[in-house]
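One file, final21.cif, is given below (mmCIF, C-alpha atoms and all ligand atoms).
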data_protein
loop_
_atom_site.label_atom_id
_atom_site.label_comp_id
_atom_site.auth_asym_id
_atom_site.auth_seq_id
_atom_site.Cartn_x
_atom_site.Cartn_y
_atom_site.Cartn_z
CA MET A 125 95.57 117.96 79.83
CA ILE A 126 97.78 116.62 82.62
CA GLN A 127 101.43 117.60 82.48
CA LEU A 128 104.07 115.82 84.59
CA LYS A 129 107.04 117.80 83.33
CA ASP A 130 107.54 120.26 80.53
CA GLY A 131 106.60 118.23 77.42
CA VAL A 132 105.58 115.06 79.33
CA TYR A 133 101.86 114.33 79.56
CA TRP A 134 99.59 111.69 81.09
CA VAL A 135 97.35 110.32 78.33
CA GLY A 136 95.94 107.22 80.04
CA ALA A 137 92.48 106.17 81.17
CA VAL A 138 90.70 105.77 84.49
CA ASP A 139 88.78 102.52 84.97
CA TRP A 140 86.35 103.24 87.81
CA ASP A 141 84.55 99.92 87.46
CA VAL A 142 87.02 97.06 87.32
CA ARG A 143 86.78 94.84 90.40
CA ASN A 144 88.74 91.76 89.39
CA PHE A 145 92.38 91.75 88.36
CA HIS A 146 93.26 88.08 87.87
CA GLY A 147 91.84 87.04 91.21
CA TYR A 148 92.69 90.24 93.10
CA ILE A 149 89.67 92.33 94.08
CA THR A 150 90.19 95.95 93.07
CA HIS A 151 87.72 97.71 95.33
CA ARG A 152 88.68 101.13 94.01
CA GLY A 153 89.12 100.38 90.30
CA THR A 154 92.38 101.29 88.60
CA THR A 155 94.00 103.40 85.92
CA TYR A 156 95.97 102.44 82.84
CA ASN A 157 98.63 105.11 82.51
CA ALA A 158 100.25 106.05 79.24
CA TYR A 159 102.54 109.03 78.65
CA VAL A 160 103.43 111.25 75.71
CA VAL A 161 106.99 112.57 75.72
CA LYS A 162 107.36 115.55 73.41
CA ALA A 163 110.65 117.01 72.28
CA ASP A 164 111.92 117.46 68.71
CA ARG A 165 110.55 113.97 68.23
CA VAL A 166 107.56 112.43 70.01
CA ALA A 167 107.19 109.15 71.88
CA LEU A 168 104.17 107.47 73.38
CA VAL A 169 105.11 105.28 76.33
CA ASP A 170 102.69 102.40 76.87
CA THR A 171 99.06 102.22 75.86
CA VAL A 172 95.91 101.09 77.70
CA LYS A 173 93.56 98.14 78.05
CA ALA A 174 91.68 97.59 74.79
CA PRO A 175 88.23 98.98 75.79
CA PHE A 176 89.88 102.28 76.78
CA HIS A 177 91.55 102.97 73.44
CA GLU A 178 89.20 105.82 72.49
CA THR A 179 89.77 107.52 75.83
CA MET A 180 93.52 107.34 75.41
CA LEU A 181 93.34 108.55 71.84
CA ARG A 182 91.34 111.58 72.95
CA HIS A 183 93.97 112.39 75.56
CA VAL A 184 96.79 111.92 73.04
CA GLU A 185 95.07 114.25 70.58
CA GLU A 186 94.97 116.98 73.22
CA VAL A 187 98.77 117.16 73.13
CA VAL A 188 99.89 115.86 69.73
CA ASP A 189 98.57 114.76 66.37
CA PRO A 190 98.95 110.93 66.52
CA LYS A 191 100.42 111.04 63.02
CA ASP A 192 103.36 112.96 64.48
CA ILE A 193 104.28 110.22 66.95
CA ASP A 194 107.71 108.85 66.08
CA TYR A 195 107.93 106.03 68.62
CA ILE A 196 105.60 103.87 70.65
CA VAL A 197 107.38 102.26 73.58
CA SER A 198 105.87 99.17 75.16
CA ASN A 199 107.38 98.77 78.61
CA HIS A 200 105.34 95.62 79.21
CA ALA A 201 103.26 93.38 76.95
CA GLU A 202 100.50 92.44 79.41
CA PRO A 203 97.21 93.43 77.76
CA ASP A 204 96.32 96.07 80.36
CA HIS A 205 99.16 98.08 78.78
CA SER A 206 99.30 96.74 75.25
CA GLY A 207 95.61 96.07 74.56
CA SER A 208 95.25 99.14 72.37
CA LEU A 209 98.74 99.00 70.88
CA ALA A 210 97.71 97.70 67.48
CA ARG A 211 94.99 100.34 67.11
CA MET A 212 97.36 103.03 68.28
CA ALA A 213 99.97 101.87 65.79
CA ALA A 214 97.34 102.29 63.06
CA GLU A 215 96.70 105.87 64.26
CA ALA A 216 100.43 106.58 64.22
CA PRO A 217 101.65 104.98 60.99
CA GLN A 218 105.10 106.58 61.18
CA ALA A 219 105.78 105.29 64.65
CA LYS A 220 108.43 102.69 65.29
CA ILE A 221 107.36 100.31 68.06
CA ILE A 222 109.96 99.48 70.67
CA ALA A 223 109.95 96.84 73.39
CA SER A 224 112.38 94.77 75.42
CA GLU A 225 113.96 91.74 73.79
CA ARG A 226 111.57 89.46 75.64
CA GLY A 227 108.59 91.68 74.92
CA THR A 228 109.08 91.64 71.16
CA PRO A 229 107.94 88.05 70.54
CA VAL A 230 105.03 88.48 72.93
CA LEU A 231 103.73 91.52 71.04
CA LYS A 232 104.31 89.68 67.77
CA LYS A 233 102.25 86.75 69.04
CA TYR A 234 99.48 88.88 70.54
CA TYR A 235 99.09 91.40 67.73
CA GLY A 236 101.29 90.38 64.79
CA LEU A 237 103.17 93.68 65.14
CA ASP A 238 106.61 94.44 63.82
CA VAL A 239 108.56 95.52 66.91
CA SER A 240 112.17 96.66 67.40
CA THR A 241 114.03 95.68 70.54
CA ILE A 242 115.87 97.93 72.93
CA LYS A 243 118.97 95.94 72.07
CA GLU A 244 118.95 97.87 68.81
CA THR A 245 117.97 101.13 70.51
CA PRO A 246 118.92 101.10 74.22
CA GLN A 247 118.05 104.75 74.33
CA LEU A 248 116.17 107.16 72.13
CA ASP A 249 117.40 110.67 71.48
CA LEU A 250 114.22 112.67 71.02
CA GLY A 251 116.15 115.92 70.46
CA GLY A 252 116.02 117.70 73.82
CA LYS A 253 114.93 114.68 75.80
CA THR A 254 116.27 111.16 76.06
CA LEU A 255 114.35 107.97 76.73
CA SER A 256 116.61 105.41 78.29
CA PHE A 257 115.45 101.80 78.80
CA THR A 258 116.29 99.33 81.54
CA PRO A 259 114.96 95.75 81.49
CA VAL A 260 113.45 94.76 84.85
CA PRO A 261 112.58 91.10 84.18
CA MET A 262 109.79 89.66 86.36
CA ALA A 263 108.70 93.02 87.68
CA HIS A 264 106.09 91.97 86.53
CA TRP A 265 106.60 89.65 83.53
CA PRO A 266 109.81 88.44 81.87
CA ASP A 267 109.49 91.26 79.34
CA SER A 268 109.03 94.13 81.81
CA MET A 269 111.22 97.20 81.41
CA VAL A 270 111.20 100.81 82.57
CA SER A 271 111.84 104.03 80.69
CA TYR A 272 113.81 106.92 82.19
CA ILE A 273 114.08 110.54 81.09
CA PRO A 274 117.34 111.89 82.58
CA GLU A 275 116.63 115.52 81.62
CA ASP A 276 113.47 115.38 83.76
CA ARG A 277 114.67 112.92 86.42
CA LEU A 278 111.49 111.06 85.60
CA LEU A 279 111.07 107.28 85.80
CA LEU A 280 108.21 105.69 83.87
CA SER A 281 108.14 102.55 85.98
CA ASN A 282 105.29 100.54 84.44
CA ASP A 283 103.86 98.04 86.98
CA ALA A 284 106.37 98.81 89.75
CA PHE A 285 105.19 101.40 92.30
CA GLY A 286 101.61 101.13 91.03
CA GLN A 287 98.32 101.03 92.87
CA HIS A 288 94.93 99.86 91.70
CA LEU A 289 93.29 103.16 92.49
CA ALA A 290 90.88 105.07 90.27
CA SER A 291 90.84 108.73 91.27
CA VAL A 292 90.39 112.24 89.96
CA GLY A 293 93.81 113.20 91.31
CA ARG A 294 96.72 112.05 89.16
CA PHE A 295 99.47 112.71 91.70
CA ASP A 296 100.21 111.27 95.13
CA ASP A 297 99.56 114.61 96.85
CA GLU A 298 96.08 114.84 95.34
CA VAL A 299 94.49 111.77 96.95
CA ASP A 300 93.61 110.62 100.46
CA GLN A 301 96.88 109.39 101.96
CA SER A 302 95.44 106.47 103.94
CA VAL A 303 93.69 105.20 100.80
CA LEU A 304 96.86 105.65 98.75
CA TRP A 305 99.04 103.65 101.15
CA HIS A 306 96.43 100.97 101.59
CA GLU A 307 96.17 100.49 97.82
CA ALA A 308 99.95 100.62 97.29
CA THR A 309 100.27 97.90 99.95
CA ALA A 310 97.48 95.79 98.47
CA TYR A 311 99.05 96.06 95.03
CA TYR A 312 102.46 94.94 96.25
CA ALA A 313 101.00 92.09 98.30
CA ASN A 314 98.81 90.72 95.53
CA ILE A 315 101.06 91.26 92.52
CA LEU A 316 104.68 91.77 93.40
CA MET A 317 105.16 89.80 96.64
CA PRO A 318 106.16 86.55 94.88
CA LEU A 319 108.57 88.57 92.72
CA ASN A 320 110.45 90.15 95.64
CA ARG A 321 113.85 89.20 94.33
CA SER A 322 113.15 90.56 90.86
CA VAL A 323 111.80 93.79 92.31
CA GLY A 324 114.92 94.02 94.50
CA ARG A 325 117.16 93.54 91.46
CA ALA A 326 115.21 96.21 89.57
CA MET A 327 115.59 98.66 92.44
CA LYS A 328 119.30 97.97 92.56
CA ALA A 329 119.62 98.52 88.81
CA LEU A 330 117.84 101.86 89.13
CA GLY A 331 119.44 102.80 92.44
CA GLY A 332 122.02 105.20 91.04
CA LEU A 333 119.60 107.27 88.98
CA PRO A 334 118.60 110.74 90.10
CA ILE A 335 114.81 110.54 90.26
CA ASP A 336 112.36 113.16 91.43
CA MET A 337 109.18 111.66 89.98
CA ILE A 338 107.98 108.08 89.46
CA ALA A 339 105.14 107.58 87.01
CA PRO A 340 103.80 104.02 87.19
CA SER A 341 101.31 102.43 84.84
CA HIS A 342 98.57 102.10 87.50
CA GLY A 343 97.28 104.64 89.98
CA VAL A 344 98.79 107.97 90.90
CA ILE A 345 102.18 109.45 90.02
CA TRP A 346 104.63 109.83 92.88
CA ARG A 347 105.98 113.40 93.00
CA ARG A 348 105.82 114.23 96.70
CA ASP A 349 106.59 111.11 98.70
CA LEU A 350 109.24 109.27 96.70
CA LYS A 351 111.15 108.61 99.88
CA GLY A 352 108.06 106.99 101.38
CA VAL A 353 107.32 104.68 98.48
CA LEU A 354 110.97 103.68 98.01
CA GLY A 355 111.21 103.00 101.76
CA HIS A 356 108.12 100.83 101.69
CA TYR A 357 109.37 98.91 98.67
CA THR A 358 112.73 98.33 100.35
CA GLY A 359 110.93 96.87 103.37
CA TRP A 360 108.62 94.70 101.29
CA VAL A 361 111.47 93.40 99.13
CA GLU A 362 113.36 92.44 102.29
CA GLY A 363 110.26 90.79 103.79
CA ARG A 364 110.21 93.18 106.76
CA THR A 365 107.45 92.32 109.24
CA VAL A 366 105.60 93.98 112.12
CA PRO A 367 104.23 92.26 115.25
CA ARG A 368 100.86 91.38 113.78
CA VAL A 369 98.83 88.18 113.92
CA VAL A 370 96.45 87.43 111.04
CA ILE A 371 93.89 84.68 111.54
CA ALA A 372 92.08 83.45 108.42
CA TYR A 373 89.42 80.81 108.90
CA ASP A 374 86.09 79.46 107.81
CA THR A 375 83.49 77.58 109.75
CA MET A 376 80.51 75.23 109.29
CA TRP A 377 78.77 75.26 112.68
CA LYS A 378 80.73 78.01 114.44
CA SER A 379 83.19 75.68 116.19
CA THR A 380 86.24 76.70 114.16
CA GLN A 381 85.01 80.27 114.53
CA GLU A 382 84.97 79.90 118.31
CA MET A 383 88.52 78.63 118.15
CA ALA A 384 89.59 81.54 115.91
CA TYR A 385 88.04 84.07 118.28
CA ALA A 386 89.66 82.48 121.32
CA ILE A 387 93.08 82.47 119.64
CA ALA A 388 92.54 86.12 118.68
CA GLU A 389 91.61 87.05 122.25
CA GLY A 390 94.73 85.36 123.51
CA ALA A 391 96.95 87.16 120.97
CA ALA A 392 95.32 90.51 121.65
CA SER A 393 95.74 90.00 125.41
CA ARG A 394 99.48 90.44 124.88
CA GLY A 395 99.00 93.80 123.16
CA VAL A 396 99.73 92.51 119.67
CA GLU A 397 97.76 93.77 116.68
CA THR A 398 95.42 90.91 115.73
CA ARG A 399 93.16 90.70 112.68
CA VAL A 400 90.57 88.00 112.03
CA PHE A 401 89.12 87.18 108.61
CA ASN A 402 86.25 84.82 107.89
CA LEU A 403 87.03 83.55 104.39
CA THR A 404 83.39 83.52 103.29
CA GLU A 405 82.98 87.16 104.28
CA ASN A 406 86.38 88.47 103.17
CA HIS A 407 88.09 88.33 99.81
CA ARG A 408 91.35 86.39 99.61
CA SER A 409 93.23 89.42 98.34
CA ASP A 410 92.17 91.59 101.29
CA VAL A 411 93.53 88.97 103.67
CA ILE A 412 96.80 88.81 101.75
CA THR A 413 97.14 92.59 101.99
CA ASP A 414 97.22 92.30 105.79
CA ILE A 415 99.53 89.30 105.64
CA LEU A 416 102.23 91.17 103.68
CA GLU A 417 103.72 92.76 106.82
CA ALA A 418 102.34 90.34 109.43
CA LYS A 419 104.75 88.12 111.37
CA ALA A 420 102.22 85.37 112.11
CA VAL A 421 99.55 83.72 109.96
CA LEU A 422 97.06 81.25 111.41
CA VAL A 423 94.65 79.33 109.23
CA GLY A 424 91.60 77.51 110.56
CA SER A 425 89.44 75.02 108.71
CA PRO A 426 86.74 72.55 109.62
CA THR A 427 87.14 69.10 108.10
CA LEU A 428 84.61 68.66 105.32
CA ASN A 429 84.47 65.34 103.44
CA ASN A 430 87.91 64.47 104.77
CA HIS A 431 89.31 67.67 103.31
CA VAL A 432 89.58 71.39 103.95
CA TYR A 433 86.67 73.77 103.59
CA PRO A 434 86.46 75.09 99.99
CA THR A 435 87.05 78.76 100.83
CA VAL A 436 90.10 77.77 102.87
CA ALA A 437 91.44 75.70 99.95
CA ASP A 438 90.99 78.70 97.66
CA PHE A 439 92.83 80.97 100.09
CA LEU A 440 95.68 78.49 100.60
CA ALA A 441 96.21 78.10 96.85
CA TYR A 442 96.33 81.88 96.46
CA MET A 443 98.70 82.38 99.40
CA ARG A 444 101.01 79.59 98.24
CA GLY A 445 101.42 81.25 94.85
CA LEU A 446 102.25 84.57 96.48
CA LYS A 447 105.04 83.07 98.66
CA PRO A 448 104.86 85.28 101.77
CA GLN A 449 108.25 85.83 103.38
CA ASN A 450 109.43 85.61 106.99
CA LYS A 451 106.24 84.22 108.51
CA VAL A 452 105.53 81.86 111.33
CA GLY A 453 102.18 80.14 111.29
CA ALA A 454 99.88 77.44 112.50
CA ALA A 455 96.74 75.57 111.54
CA PHE A 456 93.71 74.71 113.64
CA GLY A 457 90.17 73.50 113.17
CA SER A 458 87.23 71.42 114.29
CA TYR A 459 85.69 68.23 112.92
CA GLY A 460 82.72 65.94 113.37
CA TRP A 461 83.43 62.24 113.12
CA ALA A 462 86.96 62.46 111.67
CA GLY A 463 89.59 65.20 111.40
CA GLY A 464 92.28 65.76 108.82
CA ALA A 465 91.87 69.32 107.55
CA LYS A 466 94.52 70.64 109.95
CA ARG A 467 97.19 68.37 108.48
CA ILE A 468 96.29 69.40 104.92
CA VAL A 469 96.34 73.08 105.86
CA GLU A 470 99.73 72.63 107.52
CA GLU A 471 101.17 71.01 104.41
CA GLU A 472 99.93 73.84 102.22
CA MET A 473 101.34 76.43 104.63
CA ARG A 474 104.68 74.63 104.64
CA GLN A 475 104.66 74.67 100.84
CA ALA A 476 103.96 78.41 101.01
CA GLY A 477 107.22 78.82 102.92
CA ILE A 478 105.67 79.47 106.35
CA GLU A 479 107.51 78.18 109.40
CA LEU A 480 104.98 76.08 111.30
CA ILE A 481 104.45 76.16 115.04
CA GLU A 482 103.32 72.78 116.33
CA ASN A 483 100.05 72.60 118.20
CA ASP A 484 97.21 70.16 118.85
CA LEU A 485 94.31 72.50 118.16
CA GLU A 486 92.06 70.10 116.25
CA PHE A 487 88.92 69.41 118.26
CA SER A 488 85.80 67.34 117.69
CA TYR A 489 82.39 68.98 117.54
CA ARG A 490 82.26 72.03 119.78
CA PRO A 491 85.34 73.14 121.73
CA THR A 492 84.95 72.51 125.44
CA GLU A 493 85.83 75.22 127.93
CA ASP A 494 89.23 73.60 128.39
CA GLU A 495 89.79 73.45 124.63
CA ARG A 496 88.74 77.08 124.30
CA ARG A 497 91.27 78.00 126.99
CA ARG A 498 93.99 76.11 125.10
CA CYS A 499 93.19 78.17 121.99
CA TYR A 500 93.45 81.36 124.05
CA GLU A 501 96.80 80.30 125.48
CA PHE A 502 98.11 79.33 122.07
CA GLY A 503 97.13 82.78 120.76
CA ALA A 504 98.95 84.39 123.68
CA SER A 505 102.07 82.32 123.03
CA ILE A 506 102.07 83.24 119.34
CA ALA A 507 101.75 86.92 120.26
CA GLU A 508 104.69 86.68 122.63
CA ARG A 509 106.73 85.04 119.91
CA VAL A 510 105.98 87.73 117.28
CA ARG A 511 106.55 90.51 119.81
CA ALA A 512 109.99 89.22 120.74
FE1 LIG B 1 99.73 96.16 84.75
FE2 LIG B 1 101.63 93.33 84.44
O1 LIG B 1 100.40 94.60 83.94
#
Serialized structure, C-alpha cells:
Amino acid sequence: MIQLKDGVYWVGAVDWDVRNFHGYITHRGTTYNAYVVKADRVALVDTVKAPFHETMLRHVEEVVDPKDIDYIVSNHAEPDHSGSLARMAAEAPQAKIIASERGTPVLKKYYGLDVSTIKETPQLDLGGKTLSFTPVPMAHWPDSMVSYIPEDRLLLSNDAFGQHLASVGRFDDEVDQSVLWHEATAYYANILMPLNRSVGRAMKALGGLPIDMIAPSHGVIWRRDLKGVLGHYTGWVEGRTVPRVVIAYDTMWKSTQEMAYAIAEGAASRGVETRVFNLTENHRSDVITDILEAKAVLVGSPTLNNHVYPTVADFLAYMRGLKPQNKVGAAFGSYGWAGGAKRIVEEEMRQAGIELIENDLEFSYRPTEDERRRCYEFGASIAERVRA
C-alpha cells in the first residue's frame, strides 16, 4: 500500500514494457497512476489503461472495498486513464462518475457511461477532505482537468508534470535523479511542447494554490523537488533555450554525414554543446528531447528521387507537429545528379516555426575539401550566434 497523505493512496499500475506512446519511444516504460481519496466518503481519481484493470483493482482493494466508492473522477478521457473506467464502474455500482464538461461526451462515446460534469459539482465535499476541480483544457486534451485537495495541499495533476518512467520508487526522491529529469524533459518535449500556451494557462490558473505535493498520472509523485519541476515547466512554457546545437541528418553514401560531422566540429570548436543524431540510428523522439532546450536545429538530407530521405521526412513531420519555440535552424545535404532536398527541408522547418539561416550547403556527390571547410565554418558561425 502506498500512501501519499493520510487517507490518500496510489492505486495505479506500472507498465514496465510499453515502448511506444503514439510515436514517442518510451525507453523506460511508464505508469498509469490512479488515487483513492478516503474521508467520510471515498473517491477514486482516474483509472488505468484497460489491460491493467486487475492490477488497479487489487491495489484499490488493499485500501477500500470498491463497493464503498462514492465517486469516480475522470480527470482526462484518454484511454491510458479511462481504459478501465467502465469495468471499475461495474465494481463500484454506487459511484457517481464525474468529469469535465468536455470529458463527459467523450466518456459517453467511448464507453456509453452516464457521467456528471464538474459544472454540476465543481467540488466534492468528502467529509474531512475536499476534491476541487479545475479545467486545464489542452493540457493534454480539450477535456483535461486537475483535482486538488486543499486539506492536503495535494494536486492530482493528471498528464501535467508526468514522466514515462516505470520504477519501483513512487516518489521523486526514490529514483535516480538524472533519469528522472531526463524522462521529465522527454515527456514535456514529446507531449506538451506544442501545448505550451495551454500549459502556461493551466499553471497560471493553479498559481495561487498552496501545493506541497504533485501527483501526476504518469511516473513518480513530486514531493521533494516541487520547486525544480515548476521551474523547469516555467522555462519550457516560455521556450527558454540554452546554447546548444542539434544536428539531425541521414545519409546514403556518407556525404551528408561528412557534412554533418564537419558542421558539428565547427560548432564544437566555439565551445558550444553540439549533439549529432543519425535519423536511422536514433528515434525521432530522442532527438526532439534534445531539441526542447536547444537554440539551433540543423537538418541534413540527401536528395533521393527528387525528395528528402524517408527518415528525414518522418522526423520533419514529427517536429512540425510539436512546434518547437525560439529556434534558429538551417538545412544542408548532398545529391547525385540533381538536388532539391535542402529546399524541401527548409520549407518544412519554416512551417515548424524555425527561423532559417541562409546557406549554400548543398553539394554534389562527395564534399570537396573546400566544401568540407565551408561546412565547418558554417557550424562555427551558428555556434557564435547561439552563444551570443
Ligand atoms: Fe496520459 Fe493524455 O493521457
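Neighbours of ligand LIG 1 (chain B) at a cut-off of 7 Å, computed so that only C-alpha atoms and all ligand atoms are counted, are the residues His200, Glu202, Asp204, His205, His264, Trp265, Asp283, Ser341 and His342 of chain A.
Between atom CA of A:Gln381 and atom CA of A:Val423 the interatomic distance comes to 11.0 Å.
Remark: residues at most 7 Å from position (87.2, 104.3, 95.1) in file coordinates are A:His151, A:Arg152, A:Gly153, A:Leu289, A:Ala290, A:Ser291, using only C-alpha atoms.
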Spatial neighbours of A:Ala504, max dist 9 Å, only C-alpha atoms, sep filter under 4 positions, as JSON, numbers by chain: {"A": [387, 388, 389, 390, 391, 392, 393, 394, 499, 500, 508, 509]}
Within 9 Å of A:Arg408 using only C-alpha atoms, minus same-chain residues under 6 positions, as a ChimeraX atom specification: /A:147-149,435,438-439,442-443
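The residue that comes closest to A:Asn144, out of A:Tyr234, A:Ile335, A:Asn483, A:Ser409 and on the basis of only C-alpha atoms, is A:Ser409.
If only C-alpha atoms are the atoms counted, then among A:Val239, A:Val299, A:Ile193, A:Met376 the closest residue to A:Gln218 is A:Ile193.
Distances to A:Leu248 were evaluated for A:Ile126, A:Ile222, A:Ile345, A:Ala372 using all atoms listed in the file, and the minimum falls at A:Ile222.
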Residues near A:Ile412, cut-off 12 Å, all atoms listed in the file, skip fewer than 4 positions along chain, as a PyMOL selection string: chain A and resi 147-149+309-318+370-372+399+401+403+406-408+416-418+421+439-449
Shell of 7 Å around A:Asp374, only C-alpha atoms, local chain residues under 5 positions omitted, as a count of residues only: 8
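The two atoms in question, atom CA of A:Arg497 and atom CA of A:Val369, are spaced 18.2 Å apart.
Taking only C-alpha atoms into account, A:Val510 lies nearest to A:Ala420 out of the set A:Val166, A:Ile221, A:Ala420, A:Ile196.
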Polymer residues at most 7 Å from (87.9, 69.7, 116.0) by only C-alpha atoms, as a PyMOL selection string: chain A and resi 457-460+463+486-489
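Nearest-residue note for A:Val469: choosing from A:Thr398, A:Gln127, A:Gln247, A:Thr427, the minimum distance belongs to A:Thr427, counting all atoms listed in the file.
Between atom CA of A:Met327 and atom CA of A:Pro274 the interatomic distance comes to 16.6 Å.
Nearest-residue note for A:Thr245: choosing from A:Lys233, A:Arg364, A:Lys220, A:His177, the minimum distance belongs to A:Lys220, counting only C-alpha atoms.
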Which residues are close to A:Thr258, i.e. within 10 Å by all atoms listed in the file, leaving aside same-chain residues fewer than 4 positions away? Reply as a PDB file with C-alpha atoms, in the frame of the given file.
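So result-v8.pdb came out as:
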ATOM      1  CA  ASN A 199     107.380  98.770  78.610  1.00  0.00           C
ATOM      2  CA  SER A 224     112.380  94.770  75.420  1.00  0.00           C
ATOM      3  CA  ILE A 242     115.870  97.930  72.930  1.00  0.00           C
ATOM      4  CA  PRO A 246     118.920 101.100  74.220  1.00  0.00           C
ATOM      5  CA  GLN A 247     118.050 104.750  74.330  1.00  0.00           C
ATOM      6  CA  SER A 268     109.030  94.130  81.810  1.00  0.00           C
ATOM      7  CA  MET A 269     111.220  97.200  81.410  1.00  0.00           C
ATOM      8  CA  VAL A 270     111.200 100.810  82.570  1.00  0.00           C
ATOM      9  CA  SER A 271     111.840 104.030  80.690  1.00  0.00           C
ATOM     10  CA  TYR A 272     113.810 106.920  82.190  1.00  0.00           C
ATOM     11  CA  SER A 281     108.140 102.550  85.980  1.00  0.00           C
ATOM     12  CA  ALA A 326     115.210  96.210  89.570  1.00  0.00           C
ATOM     13  CA  ALA A 329     119.620  98.520  88.810  1.00  0.00           C
ATOM     14  CA  LEU A 330     117.840 101.860  89.130  1.00  0.00           C
TER      15      LEU A 330
END
Can you put N, CA and C atoms back into stretch 348-369 of chain A and show it as a compact mmCIF listing (two decimals), keeping the file's coordinate frame?
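So out-v2.txt came out as:
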# COMPACT_ATOMS: atom_id res chain seq x y z
N ARG A 348 105.54 113.66 95.39
CA ARG A 348 105.82 114.23 96.70
C ARG A 348 106.56 113.25 97.60
N ASP A 349 106.03 112.03 97.70
CA ASP A 349 106.59 111.11 98.70
C ASP A 349 107.38 109.97 98.07
N LEU A 350 108.38 110.32 97.28
CA LEU A 350 109.24 109.27 96.70
C LEU A 350 109.98 108.50 97.78
N LYS A 351 110.42 109.25 98.80
CA LYS A 351 111.15 108.61 99.88
C LYS A 351 110.27 107.56 100.55
N GLY A 352 109.00 107.91 100.73
CA GLY A 352 108.06 106.99 101.38
C GLY A 352 107.87 105.73 100.56
N VAL A 353 107.63 105.88 99.29
CA VAL A 353 107.32 104.68 98.48
C VAL A 353 108.58 103.83 98.31
N LEU A 354 109.73 104.47 98.15
CA LEU A 354 110.97 103.68 98.01
C LEU A 354 111.28 102.97 99.32
N GLY A 355 111.00 103.63 100.45
CA GLY A 355 111.21 103.00 101.76
C GLY A 355 110.30 101.80 101.95
N HIS A 356 109.05 101.96 101.58
CA HIS A 356 108.12 100.83 101.69
C HIS A 356 108.57 99.67 100.80
N TYR A 357 108.94 99.98 99.58
CA TYR A 357 109.37 98.91 98.67
C TYR A 357 110.61 98.19 99.21
N THR A 358 111.53 98.96 99.78
CA THR A 358 112.73 98.33 100.35
C THR A 358 112.32 97.34 101.44
N GLY A 359 111.40 97.75 102.30
CA GLY A 359 110.93 96.87 103.37
C GLY A 359 110.22 95.63 102.83
N TRP A 360 109.38 95.83 101.84
CA TRP A 360 108.62 94.70 101.29
C TRP A 360 109.55 93.72 100.58
N VAL A 361 110.51 94.26 99.83
CA VAL A 361 111.47 93.40 99.13
C VAL A 361 112.23 92.55 100.14
N GLU A 362 112.59 93.17 101.26
CA GLU A 362 113.36 92.44 102.29
C GLU A 362 112.47 91.54 103.15
N GLY A 363 111.16 91.61 102.98
CA GLY A 363 110.26 90.79 103.79
C GLY A 363 110.17 91.30 105.23
N ARG A 364 110.30 92.60 105.41
CA ARG A 364 110.21 93.18 106.76
C ARG A 364 108.82 92.93 107.34
N THR A 365 108.75 92.59 108.63
CA THR A 365 107.45 92.32 109.24
C THR A 365 107.23 93.21 110.46
N VAL A 366 105.96 93.29 110.89
CA VAL A 366 105.60 93.98 112.12
C VAL A 366 104.96 92.95 113.04
N PRO A 367 104.89 93.22 114.36
CA PRO A 367 104.23 92.26 115.25
C PRO A 367 102.72 92.28 115.01
N ARG A 368 102.28 91.46 114.12
CA ARG A 368 100.86 91.38 113.78
C ARG A 368 100.49 89.92 113.59
N VAL A 369 99.34 89.55 114.11
CA VAL A 369 98.83 88.18 113.92
C VAL A 369 97.60 88.26 113.01
